[in-house]
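Just data21.txt here, compact mmCIF, C-alpha atoms:
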```txt
# COMPACT_ATOMS: atom_id res chain seq x y z
CA MET D 29 -96.02 -24.29 81.39
CA ALA D 30 -94.44 -27.57 80.33
CA VAL D 31 -97.66 -28.68 78.63
CA ALA D 32 -97.87 -25.40 76.74
CA THR D 33 -94.27 -25.74 75.60
CA VAL D 34 -94.80 -29.28 74.36
CA ALA D 35 -97.99 -28.28 72.58
CA ALA D 36 -96.24 -25.38 70.88
CA ALA D 37 -93.42 -27.64 69.78
CA LEU D 38 -95.86 -30.17 68.35
CA LEU D 39 -97.75 -27.46 66.48
CA ALA D 40 -94.50 -26.10 65.10
CA ALA D 41 -93.42 -29.55 64.01
CA LEU D 42 -96.80 -30.21 62.37
CA GLY D 43 -96.71 -26.87 60.60
CA GLY D 44 -93.19 -27.54 59.41
CA ALA D 45 -94.13 -30.98 58.18
CA LEU D 46 -97.08 -29.61 56.20
CA TRP D 47 -94.89 -26.90 54.67
CA LEU D 48 -92.23 -29.44 53.75
CA ALA D 49 -94.82 -31.76 52.26
CA THR D 50 -96.08 -28.90 50.10
CA ARG D 51 -92.54 -28.27 48.92
CA ARG D 52 -92.02 -31.97 48.27
CA PHE D 53 -94.93 -32.32 45.88
CA SER D 54 -95.07 -28.86 44.28
CA GLY D 55 -91.41 -27.95 43.74
CA PRO D 56 -89.17 -29.10 40.91
CA ARG D 57 -87.30 -32.29 41.75
CA GLY D 58 -84.70 -32.35 39.02
CA GLN D 59 -85.23 -32.30 35.30
CA ARG D 60 -86.18 -35.50 33.57
CA MET D 61 -84.18 -36.53 30.55
CA PRO D 62 -85.43 -34.51 27.55
CA GLY D 63 -87.84 -36.47 25.42
CA GLY D 64 -88.61 -38.97 28.16
CA GLY D 65 -86.22 -41.55 26.73
CA ASP D 66 -86.80 -43.65 23.58
CA ARG D 67 -87.09 -47.30 24.65
CA SER D 68 -84.72 -48.36 21.86
CA LEU D 69 -82.25 -45.49 22.31
CA MET D 70 -79.48 -47.68 23.75
CA ARG D 71 -80.23 -50.94 21.95
CA GLY D 72 -77.05 -52.75 20.97
CA LYS D 73 -74.88 -50.69 23.31
CA THR D 74 -72.88 -51.98 26.27
CA VAL D 75 -72.60 -49.82 29.38
CA LEU D 76 -70.35 -50.32 32.40
CA ILE D 77 -71.52 -48.71 35.66
CA THR D 78 -69.42 -48.78 38.82
CA GLY D 79 -71.32 -49.07 42.10
CA ALA D 80 -74.49 -50.15 40.30
CA ASN D 81 -76.05 -52.22 43.08
CA SER D 82 -77.59 -49.31 45.02
CA GLY D 83 -78.48 -45.62 44.97
CA LEU D 84 -77.64 -43.60 41.88
CA GLY D 85 -75.88 -46.50 40.19
CA ARG D 86 -78.84 -48.83 40.53
CA ALA D 87 -81.27 -46.17 39.29
CA THR D 88 -79.00 -45.43 36.33
CA ALA D 89 -78.75 -49.13 35.49
CA ALA D 90 -82.53 -49.56 35.67
CA GLU D 91 -83.21 -46.73 33.23
CA LEU D 92 -80.48 -47.68 30.75
CA LEU D 93 -81.80 -51.25 30.77
CA ARG D 94 -85.23 -49.85 30.00
CA LEU D 95 -83.68 -47.94 27.10
CA GLY D 96 -82.37 -51.21 25.67
CA ALA D 97 -78.74 -51.19 26.83
CA ARG D 98 -76.73 -54.17 27.97
CA VAL D 99 -75.43 -53.21 31.42
CA ILE D 100 -72.34 -54.46 33.24
CA MET D 101 -72.48 -53.84 37.00
CA GLY D 102 -69.03 -53.36 38.52
CA CYS D 103 -69.54 -53.78 42.27
CA ARG D 104 -67.41 -54.44 45.34
CA ASP D 105 -69.92 -56.72 47.10
CA ARG D 106 -70.82 -59.48 44.66
CA ALA D 107 -73.63 -60.91 46.80
CA ARG D 108 -75.38 -57.55 47.08
CA ALA D 109 -74.83 -56.95 43.38
CA GLU D 110 -76.38 -60.30 42.43
CA GLU D 111 -79.37 -59.52 44.63
CA ALA D 112 -79.80 -56.10 43.00
CA ALA D 113 -79.39 -57.64 39.54
CA GLY D 114 -82.13 -60.17 40.27
CA GLN D 115 -84.46 -57.36 41.29
CA LEU D 116 -83.59 -55.33 38.20
CA ARG D 117 -84.21 -58.30 35.91
CA GLN D 118 -87.59 -58.89 37.52
CA GLU D 119 -88.54 -55.21 37.22
CA LEU D 120 -87.47 -55.15 33.57
CA CYS D 121 -89.46 -58.28 32.74
CA GLN D 122 -92.57 -56.99 34.48
CA ALA D 123 -92.36 -53.63 32.73
CA ALA D 124 -91.91 -55.26 29.31
CA GLY D 125 -94.31 -58.15 29.90
CA GLN D 126 -91.54 -60.69 29.22
CA GLU D 127 -90.49 -63.99 30.66
CA PRO D 128 -87.42 -63.90 32.97
CA ASP D 129 -85.14 -65.64 30.45
CA ALA D 130 -85.90 -62.89 27.92
CA THR D 131 -83.46 -60.62 29.76
CA GLU D 132 -80.60 -63.15 29.66
CA GLY D 133 -77.33 -61.38 28.95
CA GLN D 134 -78.75 -57.88 29.32
CA LEU D 135 -77.38 -57.52 32.84
CA VAL D 136 -73.94 -58.78 33.87
CA VAL D 137 -72.44 -58.68 37.38
CA LYS D 138 -68.68 -58.41 37.88
CA GLU D 139 -66.66 -57.93 41.04
CA LEU D 140 -64.77 -54.63 41.22
CA ASP D 141 -63.21 -53.10 44.33
CA LEU D 142 -62.03 -49.59 43.50
CA ALA D 143 -60.07 -49.47 46.76
CA SER D 144 -57.76 -52.15 45.35
CA LEU D 145 -55.57 -51.51 42.30
CA ARG D 146 -55.12 -55.26 42.04
CA SER D 147 -58.90 -55.71 41.79
CA VAL D 148 -59.20 -52.95 39.19
CA ARG D 149 -56.52 -54.55 37.03
CA ALA D 150 -58.07 -58.03 37.34
CA PHE D 151 -61.50 -56.64 36.48
CA CYS D 152 -60.21 -54.84 33.38
CA GLN D 153 -58.24 -57.87 32.21
CA GLU D 154 -61.36 -60.03 32.41
CA LEU D 155 -63.54 -57.42 30.76
CA LEU D 156 -61.11 -56.91 27.88
CA GLN D 157 -61.01 -60.66 27.27
CA GLU D 158 -64.79 -61.06 27.29
CA GLU D 159 -66.23 -57.86 25.84
CA PRO D 160 -65.82 -56.96 22.15
CA ARG D 161 -67.00 -53.39 22.73
CA LEU D 162 -67.77 -50.81 25.41
CA ASP D 163 -69.99 -47.90 24.42
CA VAL D 164 -70.36 -46.11 27.75
CA LEU D 165 -68.34 -46.08 30.97
CA ILE D 166 -70.05 -44.47 33.97
CA ASN D 167 -67.70 -43.79 36.88
CA ASN D 168 -70.38 -43.65 39.54
CA ALA D 169 -69.16 -45.45 42.70
CA GLY D 170 -67.90 -43.42 45.62
CA ILE D 171 -67.30 -43.21 49.33
CA PHE D 172 -68.34 -40.21 51.45
CA GLN D 173 -66.68 -38.73 54.53
CA CYS D 174 -65.37 -41.94 56.02
CA PRO D 175 -62.97 -41.98 59.01
CA TYR D 176 -59.30 -41.89 58.07
CA MET D 177 -58.21 -45.22 56.68
CA LYS D 178 -55.85 -46.48 53.99
CA THR D 179 -56.38 -48.93 51.17
CA GLU D 180 -54.27 -52.06 50.71
CA ASP D 181 -52.09 -49.94 48.40
CA GLY D 182 -51.50 -47.36 51.13
CA PHE D 183 -53.73 -44.56 49.81
CA GLU D 184 -56.27 -42.50 51.75
CA MET D 185 -59.62 -44.19 51.16
CA GLN D 186 -61.70 -41.36 49.72
CA PHE D 187 -59.03 -40.17 47.28
CA ALA D 188 -58.29 -43.78 46.33
CA VAL D 189 -61.87 -44.89 45.63
CA ASN D 190 -63.31 -41.68 44.23
CA HIS D 191 -60.32 -40.70 42.07
CA LEU D 192 -57.44 -43.17 41.77
CA GLY D 193 -59.54 -46.32 41.27
CA HIS D 194 -61.58 -44.71 38.52
CA PHE D 195 -58.46 -43.10 37.02
CA LEU D 196 -56.84 -46.53 36.60
CA LEU D 197 -60.09 -48.18 35.44
CA THR D 198 -60.66 -45.56 32.75
CA ASN D 199 -57.09 -45.65 31.48
CA LEU D 200 -57.08 -49.44 31.21
CA LEU D 201 -60.35 -49.40 29.25
CA LEU D 202 -59.50 -46.49 26.92
CA GLY D 203 -58.37 -48.79 24.12
CA LEU D 204 -61.71 -50.61 24.09
CA LEU D 205 -63.64 -47.34 24.30
CA LYS D 206 -61.67 -45.95 21.34
CA SER D 207 -62.25 -49.06 19.23
CA SER D 208 -65.97 -48.82 20.07
CA ALA D 209 -66.26 -45.12 19.14
CA PRO D 210 -68.39 -43.13 19.14
CA SER D 211 -68.36 -43.84 22.85
CA ARG D 212 -68.82 -41.91 26.08
CA ILE D 213 -67.35 -41.62 29.56
CA VAL D 214 -69.49 -40.16 32.34
CA VAL D 215 -67.97 -39.10 35.67
CA VAL D 216 -70.10 -38.48 38.76
CA SER D 217 -68.70 -35.66 40.90
CA SER D 218 -70.37 -33.34 43.43
CA LYS D 219 -71.04 -29.66 44.02
CA LEU D 220 -68.94 -30.09 47.13
CA TYR D 221 -65.86 -29.88 44.90
CA LYS D 222 -66.09 -26.15 45.65
CA TYR D 223 -64.70 -26.74 49.15
CA GLY D 224 -61.75 -28.86 48.03
CA ASP D 225 -58.23 -28.12 46.90
CA ILE D 226 -55.44 -30.18 45.39
CA ASN D 227 -52.57 -30.12 47.88
CA PHE D 228 -49.76 -31.86 46.04
CA GLU D 229 -47.70 -31.89 49.22
CA ASP D 230 -50.28 -34.04 51.04
CA LEU D 231 -52.51 -35.86 48.54
CA ASN D 232 -52.59 -38.84 50.88
CA SER D 233 -53.76 -36.73 53.85
CA GLU D 234 -50.92 -37.98 56.04
CA GLN D 235 -50.08 -34.56 57.44
CA SER D 236 -53.70 -33.70 58.26
CA TYR D 237 -57.09 -35.25 57.59
CA ASN D 238 -60.54 -33.72 57.49
CA LYS D 239 -63.12 -36.14 56.11
CA SER D 240 -65.25 -33.36 54.58
CA PHE D 241 -62.36 -31.58 52.88
CA SER D 242 -60.91 -34.89 51.67
CA TYR D 243 -64.19 -35.81 50.02
CA SER D 244 -64.34 -32.39 48.35
CA ARG D 245 -60.74 -32.85 47.18
CA SER D 246 -61.60 -36.17 45.55
CA LYS D 247 -64.59 -34.61 43.78
CA LEU D 248 -62.45 -31.72 42.52
CA ALA D 249 -59.99 -34.34 41.27
CA ASN D 250 -62.87 -35.97 39.32
CA ILE D 251 -63.48 -32.71 37.47
CA LEU D 252 -59.82 -31.98 36.77
CA PHE D 253 -59.39 -35.57 35.54
CA THR D 254 -62.39 -35.20 33.22
CA ARG D 255 -61.13 -31.98 31.68
CA GLU D 256 -57.60 -33.31 31.13
CA LEU D 257 -58.95 -36.57 29.70
CA ALA D 258 -61.20 -34.62 27.31
CA ARG D 259 -58.12 -32.74 26.07
CA ARG D 260 -56.23 -36.01 25.53
CA LEU D 261 -59.19 -37.61 23.73
CA GLU D 262 -59.67 -34.86 21.15
CA GLY D 263 -60.15 -36.38 17.71
CA THR D 264 -60.84 -39.91 18.98
CA ASN D 265 -64.67 -39.68 18.95
CA VAL D 266 -64.66 -40.62 22.64
CA THR D 267 -66.26 -37.97 24.84
CA VAL D 268 -66.05 -37.48 28.59
CA ASN D 269 -68.24 -35.27 30.75
CA VAL D 270 -68.69 -34.78 34.49
CA LEU D 271 -71.80 -34.07 36.55
CA HIS D 272 -73.18 -33.37 39.98
CA PRO D 273 -76.39 -35.24 40.82
CA GLY D 274 -77.59 -32.88 43.56
CA ILE D 275 -78.40 -33.97 47.09
CA VAL D 276 -79.80 -37.47 46.84
CA ARG D 277 -81.22 -39.91 49.41
CA THR D 278 -78.77 -42.80 49.15
CA ASN D 279 -76.60 -44.85 51.51
CA LEU D 280 -73.58 -42.73 50.59
CA GLY D 281 -73.88 -40.96 53.94
CA ARG D 282 -73.56 -44.12 56.02
CA HIS D 283 -70.46 -42.75 57.76
CA ILE D 284 -72.34 -39.64 58.94
CA HIS D 285 -73.55 -39.93 62.53
CA ILE D 286 -76.94 -38.40 63.26
CA PRO D 287 -78.08 -38.37 66.91
CA ILE D 288 -81.11 -40.59 67.56
CA LEU D 289 -83.28 -37.67 68.67
CA ALA D 290 -82.48 -35.73 65.50
CA ARG D 291 -83.19 -38.59 63.07
CA PRO D 292 -86.95 -38.00 62.69
CA LEU D 293 -86.30 -34.38 61.73
CA PHE D 294 -83.46 -35.36 59.40
CA ASN D 295 -85.66 -38.00 57.73
CA LEU D 296 -88.41 -35.42 57.24
CA VAL D 297 -86.03 -32.88 55.76
CA SER D 298 -84.41 -35.44 53.45
CA TRP D 299 -87.83 -36.64 52.29
CA ALA D 300 -88.87 -33.08 51.53
CA PHE D 301 -85.73 -31.65 49.97
CA PHE D 302 -83.44 -34.46 48.78
CA LYS D 303 -83.84 -36.06 45.38
CA THR D 304 -84.78 -39.70 45.02
CA PRO D 305 -82.12 -41.90 43.37
CA GLN D 306 -84.25 -41.94 40.21
CA GLU D 307 -84.28 -38.14 40.13
CA GLY D 308 -80.59 -37.87 40.94
CA ALA D 309 -79.67 -40.32 38.18
CA GLN D 310 -81.24 -38.30 35.38
CA THR D 311 -78.10 -36.39 34.43
CA SER D 312 -76.01 -39.57 34.31
CA ILE D 313 -78.63 -41.14 32.05
CA TYR D 314 -78.77 -38.01 29.90
CA LEU D 315 -75.00 -37.88 29.38
CA ALA D 316 -74.85 -41.61 28.66
CA SER D 317 -77.63 -41.73 26.11
CA SER D 318 -78.98 -38.42 24.82
CA PRO D 319 -78.30 -37.41 21.19
CA GLU D 320 -78.23 -33.81 22.47
CA VAL D 321 -74.72 -34.27 23.89
CA GLU D 322 -73.27 -36.21 20.97
CA GLY D 323 -69.74 -34.86 20.46
CA VAL D 324 -69.86 -32.70 23.62
CA SER D 325 -66.81 -33.24 25.84
CA GLY D 326 -65.05 -31.78 28.85
CA ARG D 327 -68.17 -30.11 30.25
CA TYR D 328 -69.82 -30.01 33.69
CA PHE D 329 -73.55 -30.73 34.04
CA GLY D 330 -76.34 -30.60 36.61
CA ASP D 331 -80.03 -31.35 36.06
CA CYS D 332 -79.29 -32.24 32.43
CA LYS D 333 -77.88 -28.76 31.71
CA GLU D 334 -74.35 -27.46 31.38
CA GLU D 335 -73.14 -25.42 34.36
CA GLU D 336 -70.17 -23.17 35.03
CA LEU D 337 -67.17 -24.26 37.06
CA LEU D 338 -65.05 -22.35 39.53
CA PRO D 339 -61.63 -21.30 38.16
CA LYS D 340 -59.80 -23.86 40.33
CA ALA D 341 -61.66 -26.67 38.54
CA MET D 342 -60.50 -25.34 35.16
CA ASP D 343 -56.81 -24.91 35.98
CA GLU D 344 -55.07 -26.78 33.16
CA SER D 345 -51.66 -26.85 34.83
CA VAL D 346 -53.10 -28.41 37.99
CA ALA D 347 -55.08 -30.91 35.92
CA ARG D 348 -51.96 -32.02 34.03
CA LYS D 349 -49.87 -32.29 37.18
CA LEU D 350 -52.60 -34.29 38.92
CA TRP D 351 -52.74 -36.62 35.90
CA ASP D 352 -48.98 -37.20 35.96
CA ILE D 353 -48.92 -37.86 39.70
CA SER D 354 -51.96 -40.13 39.48
CA GLU D 355 -50.18 -42.21 36.82
CA VAL D 356 -47.27 -42.72 39.21
CA MET D 357 -49.57 -43.54 42.14
CA VAL D 358 -51.49 -46.25 40.26
CA GLY D 359 -48.42 -47.63 38.49
CA ILE D 360 -49.28 -46.91 34.87
CA LEU D 361 -46.16 -47.43 32.77
CA LYS D 362 -45.49 -45.31 29.74
```

Reformat the file's structure so that it appears as structure tokens.
Amino acid sequence: MAVATVAAALLAALGGALWLATRRFSGPRGQRMPGGGDRSLMRGKTVLITGANSGLGRATAAELLRLGARVIMGCRDRARAEEAAGQLRQELCQAAGQEPDATEGQLVVKELDLASLRSVRAFCQELLQEEPRLDVLINNAGIFQCPYMKTEDGFEMQFAVNHLGHFLLTNLLLGLLKSSAPSRIVVVSSKLYKYGDINFEDLNSEQSYNKSFSYSRSKLANILFTRELARRLEGTNVTVNVLHPGIVRTNLGRHIHIPILARPLFNLVSWAFFKTPQEGAQTSIYLASSPEVEGVSGRYFGDCKEEELLPKAMDESVARKLWDISEVMVGILK
């Protein structure tokens, strides 16, 4: 009986694996950027990407480099960022048939810890002193469902990194983006915003904390921030759009515990159904570089197409109140 049960389980697993493999190679995996990407499309443009040393950020950096952009990697771990930058330089040289020194200056690494307002301010001060222009800002970095913890400034970690850090970064760089216009801001959110709400009575999750809901709240905040910023930027020739990348195989889920016995199944499912970082990065690349979205602002995208938002993500009064409170939280003076 036991042998029969094991055999049945193995057959079921094998059948499932074959079915998943069929799905993996036959189903759509996320739309590629229309036109395939002109290799000179971003030549002469400077792009800042937060969290560019791994996952979506790294894949976005690699493609924008290929399109001719000069990329600034804003990363918390400088050592890991330098390692990733070295790999990206090597990949770029190999693809273009160039010598390593031919990519000098195309990729710049700078330390940026979005969990620290002090770090964000220091980063922006240095960038404003060194960079004459900034054509694209991609707010990509994030933290996902971590245990409850506070930043050095006393803010709940997910809300601080995913929203407040990028809120301050963007505001401090707006002057440079405006002087570089036409320029673009790209914000990476998530479909999980649908499960979040903005509780102004407990933005810091001190009364109650649920790591899933807090992540969703921060992603809803990304969308509300984008829409309010688009309203404030009307007439400046600086656009801002927000996107969801889909479910992507990255290290973003490092705080999620998966039992050892379930890991093989999870790995199989993620291989079959999750996007690769390269696939997940396509919408970020599209919004950063495509002529198709020139002048488009305040919109929400997925798979390089505009998508509809739930009413709570389009509430203008909530967006304005969140903006005002965020200014107070990060210490922006009028």

Straight-line distance linking atom CA of Gln310 of chain D with atom CA of Met70 of chain D, stated in Å to one decimal: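 Value for the atom CA of Gln310 of chain D-atom CA of Met70 of chain D distance: 15.0 Å.
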
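Of the listed residues (D:Ala258, D:Leu76, D:Leu142, D:Leu196), D:Ala258 comes nearest to Glu344 of chain D; the distances count only C-alpha atoms.
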
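One distance worth recording is that between atom CA of Val215 of chain D and atom CA of Ala89 of chain D, which is 14.7 Å.
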
Interatomic distance, atom CA of Ser317 of chain D to atom CA of Ala80 of chain D (Å, one decimal):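 It comes out at 16.8 Å.
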
From D:Leu315, D:Ala107, D:Cys152, D:Ala143, residue lying nearest Ile171 of chain D [all atoms listed in the file]: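 Answer, going by the shortest atom-to-atom distance: D:Ala143.
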
Nearest to Leu202 of chain D, chosen from D:Lys219, D:Lys333, D:Arg161, D:Lys239, with only C-alpha atoms counted in the distances: D:Arg161

Residues near Ala109 of chain D, cut-off 10 Å, only C-alpha atoms, skip fewer than 2 positions along chain, as number ranges by chain: D: 79-82, 86, 101-107, 111-115, 136-139

Of the listed residues D:Ala188, D:Ala309, D:Val358, D:Val346, that which approaches Glu91 of chain D most closely, counting only C-alpha atoms: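 Result for the nearest residue to Glu91 of chain D: D:Ala309.
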
Counting only C-alpha atoms, the residue of D:Leu197, D:Met357, D:Leu204, D:Ile166 that sits nearest Val268 of chain D: D:Ile166

Distance criterion (only C-alpha atoms): nearest to Ala316 of chain D out of D:Val189, D:Met177, D:Leu116, D:Val99: D:Val99

Arg327 of chain D environment, 12 Å, all atoms listed in the file, sequence neighbours closer than 3 positions dropped, as number ranges by chain: D: 213-215, 251-259, 267-272, 315, 321, 323-324, 330, 332-337, 341-342

Would you export the selected residues with C-alpha atoms as a PDB file, in the frame of the given file, please?
```pdb
ATOM      1  CA  ILE D 213     -67.350 -41.620  29.560  1.00  0.00           C
ATOM      2  CA  VAL D 214     -69.490 -40.160  32.340  1.00  0.00           C
ATOM      3  CA  VAL D 215     -67.970 -39.100  35.670  1.00  0.00           C
ATOM      4  CA  ILE D 251     -63.480 -32.710  37.470  1.00  0.00           C
ATOM      5  CA  LEU D 252     -59.820 -31.980  36.770  1.00  0.00           C
ATOM      6  CA  PHE D 253     -59.390 -35.570  35.540  1.00  0.00           C
ATOM      7  CA  THR D 254     -62.390 -35.200  33.220  1.00  0.00           C
ATOM      8  CA  ARG D 255     -61.130 -31.980  31.680  1.00  0.00           C
ATOM      9  CA  GLU D 256     -57.600 -33.310  31.130  1.00  0.00           C
ATOM     10  CA  LEU D 257     -58.950 -36.570  29.700  1.00  0.00           C
ATOM     11  CA  ALA D 258     -61.200 -34.620  27.310  1.00  0.00           C
ATOM     12  CA  ARG D 259     -58.120 -32.740  26.070  1.00  0.00           C
ATOM     13  CA  THR D 267     -66.260 -37.970  24.840  1.00  0.00           C
ATOM     14  CA  VAL D 268     -66.050 -37.480  28.590  1.00  0.00           C
ATOM     15  CA  ASN D 269     -68.240 -35.270  30.750  1.00  0.00           C
ATOM     16  CA  VAL D 270     -68.690 -34.780  34.490  1.00  0.00           C
ATOM     17  CA  LEU D 271     -71.800 -34.070  36.550  1.00  0.00           C
ATOM     18  CA  HIS D 272     -73.180 -33.370  39.980  1.00  0.00           C
ATOM     19  CA  LEU D 315     -75.000 -37.880  29.380  1.00  0.00           C
ATOM     20  CA  VAL D 321     -74.720 -34.270  23.890  1.00  0.00           C
ATOM     21  CA  GLY D 323     -69.740 -34.860  20.460  1.00  0.00           C
ATOM     22  CA  VAL D 324     -69.860 -32.700  23.620  1.00  0.00           C
ATOM     23  CA  GLY D 330     -76.340 -30.600  36.610  1.00  0.00           C
ATOM     24  CA  CYS D 332     -79.290 -32.240  32.430  1.00  0.00           C
ATOM     25  CA  LYS D 333     -77.880 -28.760  31.710  1.00  0.00           C
ATOM     26  CA  GLU D 334     -74.350 -27.460  31.380  1.00  0.00           C
ATOM     27  CA  GLU D 335     -73.140 -25.420  34.360  1.00  0.00           C
ATOM     28  CA  GLU D 336     -70.170 -23.170  35.030  1.00  0.00           C
ATOM     29  CA  LEU D 337     -67.170 -24.260  37.060  1.00  0.00           C
ATOM     30  CA  ALA D 341     -61.660 -26.670  38.540  1.00  0.00           C
ATOM     31  CA  MET D 342     -60.500 -25.340  35.160  1.00  0.00           C
TER      32      MET D 342
END
```

Got a moment to write segment 315-327 of chain D out with N, CA, C and O atoms, as a short mmCIF file (atom, residue, chain, number, x, y, z; two decimals), in the first residue's frame?
```cif
data_model
loop_
_atom_site.label_atom_id
_atom_site.label_comp_id
_atom_site.auth_asym_id
_atom_site.auth_seq_id
_atom_site.Cartn_x
_atom_site.Cartn_y
_atom_site.Cartn_z
N LEU D 315 8.83 52.41 -19.80
CA LEU D 315 8.46 53.74 -19.30
C LEU D 315 9.66 54.69 -19.23
O LEU D 315 9.50 55.90 -19.32
N ALA D 316 10.85 54.14 -19.09
CA ALA D 316 12.05 54.96 -19.02
C ALA D 316 12.54 55.42 -20.39
O ALA D 316 13.20 56.46 -20.49
N SER D 317 12.21 54.66 -21.44
CA SER D 317 12.87 54.92 -22.71
C SER D 317 11.97 55.03 -23.94
O SER D 317 12.37 55.65 -24.93
N SER D 318 10.78 54.48 -23.91
CA SER D 318 9.99 54.39 -25.14
C SER D 318 9.41 55.73 -25.57
O SER D 318 8.81 56.45 -24.76
N PRO D 319 9.52 56.06 -26.85
CA PRO D 319 8.88 57.28 -27.38
C PRO D 319 7.35 57.20 -27.27
O PRO D 319 6.68 58.24 -27.30
N GLU D 320 6.81 55.99 -27.14
CA GLU D 320 5.36 55.82 -27.09
C GLU D 320 4.73 56.48 -25.86
O GLU D 320 3.54 56.81 -25.88
N VAL D 321 5.51 56.66 -24.79
CA VAL D 321 4.95 57.26 -23.58
C VAL D 321 5.49 58.67 -23.34
O VAL D 321 5.40 59.19 -22.24
N GLU D 322 6.04 59.27 -24.37
CA GLU D 322 6.49 60.66 -24.26
C GLU D 322 5.30 61.55 -23.91
O GLU D 322 4.27 61.54 -24.59
N GLY D 323 5.40 62.30 -22.82
CA GLY D 323 4.33 63.19 -22.41
C GLY D 323 3.23 62.54 -21.60
O GLY D 323 2.35 63.23 -21.08
N VAL D 324 3.25 61.21 -21.47
CA VAL D 324 2.24 60.50 -20.68
C VAL D 324 2.63 60.57 -19.21
O VAL D 324 3.77 60.31 -18.85
N SER D 325 1.67 60.90 -18.34
CA SER D 325 2.01 61.07 -16.92
C SER D 325 0.83 60.69 -16.03
O SER D 325 -0.33 60.83 -16.42
N GLY D 326 1.16 60.19 -14.84
CA GLY D 326 0.14 59.86 -13.86
C GLY D 326 -0.61 58.58 -14.14
O GLY D 326 -1.67 58.34 -13.57
N ARG D 327 -0.04 57.71 -14.95
CA ARG D 327 -0.74 56.47 -15.34
C ARG D 327 -0.11 55.24 -14.67
O ARG D 327 1.03 55.28 -14.19
#
```
